[in-house]
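The next block is structure_1.txt, given as compact mmCIF, C-alpha atoms and all ligand atoms.
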```txt
# COMPACT_ATOMS: atom_id res chain seq x y z
CA MET A 29 79.31 29.19 -80.90
CA LYS A 30 82.36 27.18 -81.72
CA GLN A 31 82.62 23.79 -80.21
CA SER A 32 85.64 23.21 -78.07
CA THR A 33 86.79 20.89 -75.38
CA ASP A 34 87.99 23.50 -72.93
CA GLY A 35 84.61 25.00 -72.41
CA GLU A 36 85.21 28.09 -74.49
CA GLY A 37 81.96 28.70 -76.28
CA ALA A 38 79.95 26.53 -73.95
CA ILE A 39 76.67 28.01 -72.93
CA SER A 40 75.53 27.31 -69.42
CA LEU A 41 71.98 28.14 -68.55
CA ALA A 42 71.01 27.84 -64.96
CA ARG A 43 67.50 28.36 -63.75
CA ARG A 44 66.52 30.86 -61.14
CA SER A 45 65.34 29.65 -57.82
CA PRO A 46 61.60 29.33 -57.30
CA ALA A 47 62.47 30.25 -53.72
CA LEU A 48 62.78 33.76 -55.03
CA ARG A 49 59.04 33.71 -55.62
CA CYS A 50 58.77 35.01 -52.11
CA VAL A 51 60.19 38.29 -53.33
CA LYS A 52 57.32 40.70 -53.50
CA SER A 53 56.83 42.19 -56.91
CA ALA A 54 57.78 45.78 -57.46
CA ALA A 55 55.49 48.35 -59.03
CA VAL A 56 55.37 47.95 -62.78
CA VAL A 57 56.46 50.74 -65.03
CA VAL A 58 56.66 49.74 -68.66
CA ALA A 59 58.46 52.58 -70.37
CA LEU A 60 57.10 51.97 -73.83
CA ALA A 61 53.55 51.23 -72.84
CA LEU A 62 51.14 54.09 -72.97
CA SER A 63 48.18 51.81 -73.25
CA THR A 64 44.62 52.79 -72.55
CA GLY A 65 41.33 51.04 -72.83
CA ILE A 66 40.18 53.64 -75.32
CA PRO A 67 39.72 52.48 -78.89
CA SER A 68 41.78 54.63 -81.20
CA ALA A 69 40.36 56.21 -84.31
CA THR A 70 42.38 56.24 -87.44
CA ALA A 71 41.64 58.23 -90.55
CA ARG A 72 43.53 55.86 -92.80
CA PRO A 73 41.53 53.26 -94.68
CA PRO A 74 42.66 49.72 -93.89
CA ARG A 75 44.93 48.14 -96.46
CA PRO A 76 44.33 44.60 -97.58
CA VAL A 77 45.58 42.05 -95.10
CA ALA A 78 49.03 40.92 -96.18
CA HIS A 79 49.64 37.28 -95.37
CA GLY A 80 53.05 35.83 -94.86
CA SER A 81 55.78 35.54 -97.32
CA ALA A 82 56.54 38.64 -99.37
CA SER A 83 57.65 40.69 -96.43
CA GLU A 84 58.66 37.80 -94.21
CA ALA A 85 62.38 38.57 -94.39
CA ALA A 86 61.77 41.90 -92.67
CA CYS A 87 60.04 40.16 -89.78
CA ALA A 88 62.30 37.14 -89.31
CA LEU A 89 64.92 39.30 -87.61
CA ARG A 90 68.45 38.00 -88.05
CA SER A 91 70.38 36.57 -85.11
CA VAL A 92 73.05 38.91 -83.84
CA ASP A 93 76.63 37.66 -83.45
CA GLY A 94 78.02 37.85 -79.95
CA VAL A 95 74.58 37.87 -78.35
CA THR A 96 74.03 34.81 -76.15
CA MET A 97 71.12 32.86 -77.57
CA SER A 98 69.89 35.69 -79.76
CA GLU A 99 66.12 35.64 -80.39
CA GLY A 100 66.75 35.94 -84.16
CA PHE A 101 66.78 33.64 -87.16
CA PRO A 102 68.15 31.20 -88.07
CA VAL A 103 68.71 28.93 -85.09
CA ASP A 104 72.34 27.74 -85.18
CA TYR A 105 72.13 23.97 -85.39
CA SER A 106 75.85 23.53 -84.80
CA THR A 107 75.15 24.65 -81.24
CA PHE A 108 71.48 23.78 -80.75
CA SER A 109 69.22 20.87 -81.61
CA ARG A 110 66.38 21.04 -84.08
CA ALA A 111 62.97 20.92 -82.41
CA SER A 112 60.80 19.28 -85.07
CA GLY A 113 60.33 15.70 -86.07
CA ARG A 114 61.47 12.81 -83.91
CA ILE A 115 63.86 13.94 -81.19
CA ARG A 116 65.62 11.18 -79.26
CA ALA A 117 66.54 12.13 -75.71
CA LEU A 118 68.88 9.72 -73.97
CA THR A 119 67.74 9.86 -70.34
CA LEU A 120 70.13 8.72 -67.62
CA PHE A 121 70.00 8.67 -63.83
CA ILE A 122 72.89 9.47 -61.51
CA ASP A 123 73.59 9.44 -57.81
CA PHE A 124 76.69 9.91 -55.66
CA PRO A 125 78.51 7.89 -53.00
CA ASP A 126 77.35 10.44 -50.41
CA ALA A 127 73.84 10.71 -51.86
CA ARG A 128 72.67 7.31 -53.00
CA ALA A 129 69.26 7.12 -54.61
CA ASP A 130 66.56 6.23 -52.13
CA ALA A 131 63.94 5.42 -54.77
CA SER A 132 63.96 3.66 -58.13
CA ALA A 133 65.06 5.18 -61.41
CA GLN A 134 61.56 4.36 -62.68
CA ALA A 135 60.08 6.57 -59.95
CA ARG A 136 62.36 9.44 -60.98
CA TYR A 137 61.49 8.88 -64.65
CA ASP A 138 57.79 8.96 -63.85
CA GLU A 139 58.17 12.46 -62.40
CA PHE A 140 58.88 13.75 -65.91
CA PHE A 141 57.39 11.35 -68.40
CA PRO A 142 55.06 11.17 -70.18
CA ALA A 143 54.05 14.67 -68.95
CA ALA A 144 57.03 16.53 -70.45
CA GLN A 145 56.55 14.67 -73.73
CA GLN A 146 52.89 15.59 -73.82
CA TRP A 147 53.73 19.23 -73.13
CA PHE A 148 56.01 19.30 -76.17
CA ALA A 149 53.43 17.50 -78.33
CA THR A 150 50.75 20.05 -77.41
CA ALA A 151 52.99 23.10 -77.67
CA SER A 152 54.37 22.03 -81.05
CA TYR A 153 50.97 21.02 -82.54
CA GLY A 154 52.40 17.53 -82.89
CA LYS A 155 55.50 18.68 -84.78
CA LEU A 156 57.94 17.65 -82.04
CA GLU A 157 57.81 13.93 -81.45
CA TYR A 158 59.85 13.66 -78.28
CA GLU A 159 61.15 10.20 -77.58
CA PRO A 160 62.77 9.74 -74.19
CA VAL A 161 65.13 6.78 -74.22
CA PRO A 162 65.70 5.90 -70.57
CA VAL A 163 68.30 3.57 -69.11
CA LEU A 164 66.36 2.73 -65.98
CA LYS A 165 69.07 2.40 -63.37
CA TYR A 166 71.11 4.79 -61.28
CA PHE A 167 74.76 5.18 -62.22
CA THR A 168 76.82 6.16 -59.19
CA LEU A 169 79.49 8.71 -60.05
CA PRO A 170 82.90 7.98 -58.50
CA ARG A 171 83.19 11.28 -56.59
CA SER A 172 80.94 12.61 -53.89
CA PHE A 173 78.40 15.37 -54.53
CA THR A 174 80.51 17.58 -52.26
CA GLU A 175 83.75 16.76 -54.06
CA TYR A 176 82.40 17.89 -57.43
CA GLY A 177 81.63 21.30 -55.96
CA ILE A 178 78.11 21.36 -57.38
CA GLU A 179 76.41 24.62 -56.52
CA ARG A 180 74.14 27.05 -58.27
CA GLY A 181 75.70 28.22 -61.54
CA TYR A 182 78.57 25.72 -61.29
CA GLY A 183 81.16 25.97 -64.01
CA TRP A 184 82.23 24.12 -67.10
CA GLN A 185 85.09 22.31 -65.34
CA VAL A 186 82.66 20.74 -62.89
CA HIS A 187 80.29 19.72 -65.66
CA GLN A 188 83.11 18.29 -67.74
CA GLN A 189 84.38 16.24 -64.79
CA MET A 190 80.90 14.89 -64.13
CA MET A 191 80.34 13.92 -67.76
CA ARG A 192 83.74 12.22 -68.02
CA ASP A 193 82.98 10.31 -64.86
CA LEU A 194 79.53 9.42 -66.15
CA LEU A 195 81.12 7.85 -69.21
CA LYS A 196 83.51 5.90 -67.01
CA VAL A 197 80.66 4.24 -65.15
CA ALA A 198 78.07 4.05 -67.95
CA ASP A 199 79.84 3.77 -71.28
CA LYS A 200 79.94 -0.03 -71.31
CA GLN A 201 76.21 -0.26 -70.72
CA VAL A 202 74.95 2.69 -72.70
CA ASP A 203 75.25 3.56 -76.36
CA PHE A 204 75.73 7.33 -76.39
CA LYS A 205 75.46 7.63 -80.16
CA ASP A 206 72.49 8.67 -82.24
CA PHE A 207 70.78 10.94 -79.74
CA ASP A 208 69.72 14.53 -80.22
CA LEU A 209 70.17 15.44 -76.56
CA VAL A 210 70.86 13.93 -73.17
CA ASN A 211 68.86 14.33 -69.96
CA VAL A 212 70.71 13.54 -66.75
CA LEU A 213 68.22 13.12 -63.92
CA VAL A 214 69.99 13.44 -60.58
CA THR A 215 68.66 11.62 -57.55
CA PRO A 216 66.49 14.25 -55.83
CA ASN A 217 68.10 13.70 -52.43
CA ALA A 218 71.46 15.04 -53.70
CA GLY A 219 72.18 18.60 -52.66
CA PRO A 220 69.90 21.19 -51.13
CA PRO A 221 66.17 21.07 -51.90
CA ALA A 222 65.11 23.00 -55.01
CA SER A 223 63.04 25.27 -52.78
CA GLU A 224 66.39 26.61 -51.50
CA THR A 225 68.61 26.47 -54.56
CA VAL A 226 67.85 25.52 -58.12
CA LEU A 227 70.84 23.67 -59.55
CA SER A 228 69.28 22.45 -62.80
CA VAL A 229 71.33 23.53 -65.77
CA THR A 230 71.79 22.97 -69.50
CA TRP A 231 75.04 22.88 -71.40
CA THR A 232 75.26 23.25 -75.14
CA GLY A 233 77.81 24.60 -77.61
CA ALA A 234 80.78 22.51 -76.49
CA THR A 235 81.55 18.84 -75.98
CA ALA A 236 82.16 17.81 -72.39
CA ALA A 237 83.18 14.24 -73.15
CA VAL A 238 83.13 11.68 -75.98
CA SER A 239 82.14 8.05 -75.51
CA ASP A 240 84.09 5.06 -76.83
CA GLU A 241 81.68 4.81 -79.78
CA GLY A 242 82.07 8.49 -80.55
CA GLY A 243 78.89 9.78 -78.91
CA ALA A 244 79.40 13.40 -77.91
CA LEU A 245 78.01 14.77 -74.66
CA ASP A 246 77.39 18.22 -76.07
CA LYS A 247 73.70 18.95 -75.48
CA VAL A 248 72.98 18.01 -71.91
CA SER A 249 70.27 19.05 -69.43
CA VAL A 250 71.03 18.12 -65.82
CA ILE A 251 67.99 18.14 -63.57
CA TYR A 252 68.29 18.31 -59.77
CA GLY A 253 65.84 18.11 -56.90
CA HIS A 254 62.07 18.27 -56.76
CA ASP A 255 61.41 21.52 -58.52
CA ALA A 256 58.34 23.69 -58.01
CA ALA A 257 57.87 23.51 -61.77
CA ARG A 258 57.67 19.71 -61.49
CA TYR A 259 58.15 18.08 -64.92
CA ARG A 260 58.24 21.46 -66.62
CA VAL A 261 61.80 22.11 -65.47
CA LEU A 262 62.78 19.55 -68.11
CA ASN A 263 60.83 21.34 -70.83
CA HIS A 264 62.52 24.58 -69.83
CA GLU A 265 66.02 23.10 -69.86
CA ASN A 266 65.45 21.30 -73.16
CA GLY A 267 64.12 24.62 -74.50
CA HIS A 268 67.70 25.87 -74.18
CA ILE A 269 68.95 22.91 -76.18
CA PHE A 270 66.53 23.99 -78.92
CA GLY A 271 68.04 27.49 -78.85
CA LEU A 272 65.67 29.46 -76.64
CA PRO A 273 67.07 32.00 -74.16
CA ASP A 274 66.06 32.66 -70.58
CA LEU A 275 63.43 35.38 -70.47
CA TYR A 276 63.73 36.03 -66.75
CA SER A 277 66.22 38.62 -65.56
CA GLY A 278 69.47 36.95 -64.61
CA THR A 279 70.78 40.05 -62.88
CA ASP A 280 67.72 41.27 -60.99
CA PHE A 281 65.20 38.46 -60.74
CA ARG A 282 62.43 40.78 -59.56
CA ARG A 283 62.67 42.57 -62.91
CA THR A 284 61.18 39.43 -64.48
CA ASP A 285 57.84 40.85 -63.41
CA ARG A 286 58.38 43.68 -65.91
CA LEU A 287 59.69 41.44 -68.70
CA ALA A 288 57.83 38.30 -69.81
CA GLY A 289 56.28 37.51 -66.43
CA GLN A 290 54.43 34.20 -66.61
CA TRP A 291 53.79 34.22 -70.37
CA ASP A 292 56.46 31.77 -71.52
CA MET A 293 58.03 28.56 -70.23
CA MET A 294 61.47 30.15 -70.68
CA SER A 295 60.55 32.92 -68.25
CA LEU A 296 58.93 31.24 -65.24
CA ASP A 297 58.41 27.55 -65.83
CA TRP A 298 56.05 27.20 -62.90
CA GLY A 299 53.78 29.97 -64.19
CA LEU A 300 50.08 30.07 -64.94
CA GLN A 301 50.44 30.86 -68.64
CA ASN A 302 53.03 28.33 -69.53
CA ASP A 303 52.93 27.76 -73.25
CA PHE A 304 55.64 29.26 -75.45
CA LEU A 305 55.14 32.64 -77.04
CA ALA A 306 54.34 32.47 -80.76
CA TRP A 307 57.72 34.07 -81.47
CA HIS A 308 59.41 31.04 -79.90
CA LYS A 309 57.14 28.62 -81.75
CA TRP A 310 58.05 30.32 -85.01
CA ARG A 311 61.77 30.04 -84.26
CA LEU A 312 61.38 26.38 -83.35
CA GLY A 313 59.63 25.62 -86.63
CA TRP A 314 56.30 24.84 -84.96
CA LEU A 315 54.62 27.69 -86.83
CA ASP A 316 54.86 27.88 -90.59
CA THR A 317 55.71 31.18 -92.16
CA GLY A 318 52.17 31.19 -93.57
CA GLN A 319 50.90 31.41 -89.99
CA VAL A 320 52.82 34.61 -89.34
CA ASP A 321 51.79 37.95 -90.80
CA CYS A 322 54.35 40.65 -91.29
CA ALA A 323 53.33 44.30 -91.04
CA VAL A 324 55.93 46.39 -92.85
CA GLY A 325 55.79 50.02 -93.89
CA ASP A 326 53.51 52.80 -92.78
CA GLY A 327 49.77 52.40 -92.92
CA THR A 328 47.00 50.40 -91.33
CA SER A 329 46.14 46.75 -91.79
CA GLU A 330 43.79 44.35 -90.11
CA TYR A 331 44.70 40.80 -89.14
CA GLN A 332 42.75 37.88 -87.76
CA LEU A 333 44.59 35.82 -85.16
CA SER A 334 43.61 32.48 -83.65
CA PRO A 335 44.73 31.40 -80.17
CA VAL A 336 48.34 30.22 -79.82
CA GLU A 337 47.22 27.12 -77.90
CA THR A 338 45.29 25.54 -80.79
CA PRO A 339 46.60 24.22 -84.12
CA GLY A 340 45.99 26.00 -87.41
CA GLY A 341 45.27 29.55 -88.46
CA THR A 342 47.30 32.71 -88.27
CA LYS A 343 49.05 32.95 -84.91
CA MET A 344 51.03 36.15 -84.90
CA VAL A 345 51.52 39.49 -86.57
CA VAL A 346 55.02 40.91 -86.40
CA VAL A 347 55.71 44.63 -86.67
CA PRO A 348 59.45 45.06 -87.26
CA GLU A 349 61.20 48.17 -86.03
CA GLY A 350 64.73 48.40 -87.35
CA GLU A 351 67.09 45.45 -87.71
CA HIS A 352 66.98 44.14 -84.17
CA GLY A 353 63.53 44.86 -82.77
CA ALA A 354 59.91 43.97 -83.45
CA PHE A 355 56.52 44.06 -81.81
CA ALA A 356 54.75 40.72 -81.83
CA VAL A 357 51.00 40.36 -81.40
CA GLU A 358 49.28 37.07 -80.54
CA VAL A 359 46.15 35.69 -78.89
CA ARG A 360 46.34 33.70 -75.66
CA SER A 361 43.46 31.65 -74.31
CA LYS A 362 42.72 29.35 -71.44
CA GLN A 363 43.31 25.94 -73.03
CA GLY A 364 46.01 23.45 -73.88
CA ASN A 365 49.26 24.26 -72.08
CA ASP A 366 47.63 27.49 -70.93
CA SER A 367 44.67 25.79 -69.25
CA SER A 368 45.52 27.54 -65.96
CA ALA A 369 45.81 30.96 -67.59
CA CYS A 370 44.85 33.93 -65.47
CA SER A 371 43.49 35.98 -68.35
CA GLU A 372 42.85 35.84 -72.10
CA GLY A 373 43.10 38.21 -75.00
CA VAL A 374 45.64 39.88 -77.27
CA LEU A 375 49.19 39.86 -76.00
CA VAL A 376 51.61 42.47 -77.32
CA TYR A 377 55.32 42.14 -76.71
CA TRP A 378 58.61 43.61 -77.79
CA VAL A 379 61.33 41.29 -79.11
CA ARG A 380 65.01 42.23 -79.31
CA THR A 381 67.57 40.06 -81.07
CA ASP A 382 70.52 42.09 -79.75
CA ILE A 383 69.83 41.35 -76.08
CA SER A 384 71.31 38.22 -74.52
CA SER A 385 69.62 35.44 -72.61
CA GLY A 386 68.74 36.51 -69.09
CA GLN A 387 68.91 40.22 -69.91
CA GLY A 388 65.38 40.74 -71.15
CA PRO A 389 65.20 39.93 -74.88
CA ILE A 390 61.38 39.91 -74.62
CA ARG A 391 59.18 42.39 -72.81
CA VAL A 392 55.41 41.98 -72.54
CA MET A 393 53.29 45.15 -72.74
CA ASP A 394 50.78 45.30 -69.93
CA ALA A 395 47.21 46.35 -70.79
CA ASN A 396 46.69 47.00 -67.08
CA PRO A 397 50.01 48.36 -65.85
CA ARG A 398 48.73 49.47 -62.47
CA THR A 399 47.23 46.17 -61.41
CA ALA A 400 48.31 42.58 -60.87
CA ALA A 401 46.11 39.50 -61.09
CA CYS A 402 45.86 35.96 -59.77
CA GLU A 403 48.11 36.77 -56.86
CA THR A 404 46.90 33.69 -55.03
CA SER A 405 48.87 31.55 -57.50
CA SER A 406 52.16 32.88 -56.15
CA ASN A 407 52.98 35.99 -54.21
CA SER A 408 55.04 37.67 -56.89
CA PHE A 409 55.46 38.04 -60.65
CA ASN A 410 51.75 38.65 -61.11
CA SER A 411 51.87 42.13 -62.63
CA HIS A 412 51.69 40.84 -66.20
CA ASN A 413 49.03 38.22 -65.54
CA ASP A 414 46.46 40.77 -66.72
CA ALA A 415 48.59 41.92 -69.66
CA PRO A 416 46.32 40.86 -72.58
CA PHE A 417 44.19 43.48 -74.30
CA GLY A 418 40.49 42.83 -74.74
CA VAL A 419 38.17 44.06 -77.48
CA GLY A 420 38.35 47.86 -77.54
CA GLY A 421 41.81 47.86 -76.02
CA VAL A 422 44.69 49.62 -77.70
CA TYR A 423 48.42 49.52 -77.29
CA ARG A 424 50.22 52.60 -78.50
CA ASP A 425 53.94 53.27 -78.63
CA PRO A 426 54.79 56.86 -79.54
CA LEU A 427 58.49 56.15 -80.01
CA THR A 428 57.99 53.75 -82.90
CA ARG A 429 54.61 55.22 -83.89
CA THR A 430 53.04 51.80 -83.60
CA ALA A 431 49.47 51.13 -82.50
CA VAL A 432 47.60 47.87 -82.05
CA ASP A 433 43.82 48.10 -81.75
CA VAL A 434 41.79 45.08 -80.74
CA VAL A 435 38.75 45.37 -83.01
CA ALA A 436 36.66 42.24 -82.49
CA LYS A 437 36.48 38.67 -81.26
CA ASP A 438 34.46 35.96 -82.98
CA ASP A 439 32.71 32.89 -81.57
CA ASP A 440 35.74 30.71 -82.30
CA GLY A 441 37.98 32.83 -80.12
CA ARG A 442 39.71 34.56 -83.04
CA TYR A 443 40.55 38.21 -82.63
CA THR A 444 40.72 40.91 -85.27
CA VAL A 445 43.50 43.39 -84.61
CA ARG A 446 44.31 46.58 -86.47
CA VAL A 447 47.96 47.53 -86.71
CA THR A 448 48.87 51.13 -87.53
CA LYS A 449 52.39 52.35 -88.30
CA GLY A 450 53.36 55.95 -88.76
ZN ZN A 501 66.93 28.59 -68.22
```
Can you turn what I pasted into structure tokens?
Amino acid sequence: MKQSTDGEGAISLARRSPALRCVKSAAVVVALALSTGIPSATARPPRPVAHGSASEAACALRSVDGVTMSEGFPVDYSTFSRASGRIRALTLFIDFPDARADASAQARYDEFFPAAQQWFATASYGKLEYEPVPVLKYFTLPRSFTEYGIERGYGWQVHQQMMRDLLKVADKQVDFKDFDLVNVLVTPNAGPPASETVLSVTWTGATAAVSDEGGALDKVSVIYGHDAARYRVLNHENGHIFGLPDLYSGTDFRRTDRLAGQWDMMSLDWGLQNDFLAWHKWRLGWLDTGQVDCAVGDGTSEYQLSPVETPGGTKMVVVPEGEHGAFAVEVRSKQGNDSSACSEGVLVYWVRTDISSGQGPIRVMDANPRTAACETSSNSFNSHNDAPFGVGGVYRDPLTRTAVDVVAKDDDGRYTVRVTKG
């Protein structure tokens, strides 16, 4: 994305409303999944397990031009921020003449930190050292909330006006330089409650305003209301700044239940299984290439995978299918950022780099397509909560002639999976 000052190239990523959780989930039909609980027999002898590098290029699918936030490699750091090492997040607080803050900036800050920081530390195995740099006071923007025209999915012009006004009131007191991203925490009493409309949004890919010292407001997450996701709305929005797309359906929110469900923070950030998928961790640089196995060519190979939630070990096997698609296989367990997980086991999903954010770039394959699970957690989007395959389970896709057999699980929670192509 080219940077520009007129908003061309800007990427706006609004979150869907948790209020839509009241939508009852539709029956799940996963077109590619013909999974059964029956172990498959294969006549081919297993080939030696191929670790990492030689075939890595075939598995690190390339980003596709023109696709909004393509799931491919590499991440474009002219538009997005890196997600490893020390990341400095300038964190500001705003209110409006018609919605003055009724609590302290410290109280607002405490809603997100240190919890959001800790989430990143755990998810990244310590590779992302997130440093929030708060200016603990509310800056009152010169126009009223109503005058800005802030509503769900508001446009670039509104954002640009707000950021220019923010500089007017804050520039003398705040140094906007030398930050990787900016969080703007809006007083929660501004606008409708998040249970009605989620306004939180991230802008990246264009500069909304430039401070006197030359600090660019070009990677900005604006957080409104008291969200059902609590602090995790900030992790979700910052996830966009790191280059991750929305995995929920932006056109038919109910379809989210047939996409990634609750298996990634970028899908439903209030979900039970709320870590990032290994594919995302790989793109963010939190997994080394040596932790990703690449299954190329016809034949059968076995792989041992350790749970995504814990550091070390092999985390994913990728089975590429053409230039823009791949199956990814990982192990999810009830610990770390997934401590509330509904189920455990081997998760199989389909990644597409030629599908834009919000249109379903990732689709989880459901081991139990006819049932939902943990429906007490929320009354929808539960179809995929029982998606992982247990020992003896097999996922088979006749179109790509791909099969994933779950062979064994050891005492340390590592699973052996057998991948067959052809
Ligand atoms: Zn989003």
Exercise. Show which residues sit within 7 Å of stretch 324-327 of chain A, as a ChimeraX atom specification. Count all atoms listed in the file, and ignore same-chain residues fewer than 3 positions away.
Key: /A:83,347-348,448-450
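If only C-alpha atoms are the atoms counted, then among A:His268, A:Lys196, A:Arg114, A:Arg286 the closest residue to A:Tyr377 is A:Arg286.
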Using all atoms listed in the file, what table do you get, as CSV, when you list each residue of chain A with an atom no more than 9 Å from ligand ZN 501 (chain A), its nearest pair of atoms, and their distance in Å rounded to one decimal, rows by chain then rising number?
```
residue,atom,partner,partner_atom,distance
A:Ser40,CA,A:ZN501,ZN,8.8
A:Leu41,CA,A:ZN501,ZN,5.1
A:Ala42,CA,A:ZN501,ZN,5.3
A:Arg43,CA,A:ZN501,ZN,4.5
A:Arg44,CA,A:ZN501,ZN,7.4
A:Ser228,CA,A:ZN501,ZN,8.5
A:Val229,CA,A:ZN501,ZN,7.1
A:Thr230,CA,A:ZN501,ZN,7.5
A:Val261,CA,A:ZN501,ZN,8.7
A:His264,CA,A:ZN501,ZN,6.2
A:Glu265,CA,A:ZN501,ZN,5.8
A:Asn266,CA,A:ZN501,ZN,8.9
A:Gly267,CA,A:ZN501,ZN,7.9
A:His268,CA,A:ZN501,ZN,6.6
A:Leu272,CA,A:ZN501,ZN,8.6
A:Pro273,CA,A:ZN501,ZN,6.9
A:Asp274,CA,A:ZN501,ZN,4.8
A:Leu275,CA,A:ZN501,ZN,8.0
A:Tyr276,CA,A:ZN501,ZN,8.2
A:Met294,CA,A:ZN501,ZN,6.2
A:Ser295,CA,A:ZN501,ZN,7.7
A:Leu296,CA,A:ZN501,ZN,8.9
A:Asp297,CA,A:ZN501,ZN,8.9
A:Ser385,CA,A:ZN501,ZN,8.6
A:Gly386,CA,A:ZN501,ZN,8.2
```
Quiz item: Neighbours of stretch 238-249 of chain A within 6 Å (only C-alpha atoms; same-chain residues fewer than 5 positions away dropped), as JSON, numbers by chain?
Solution: {"A": [204, 205, 209, 210, 211, 229, 230, 231, 232, 265]}
Self-check item: Distance query stretch 435-445 of chain A at most 6 Å, all atoms listed in the file, self and fewer than 6 positions along chain excluded, as a ChimeraX atom specification
Solution: /A:330-334,419
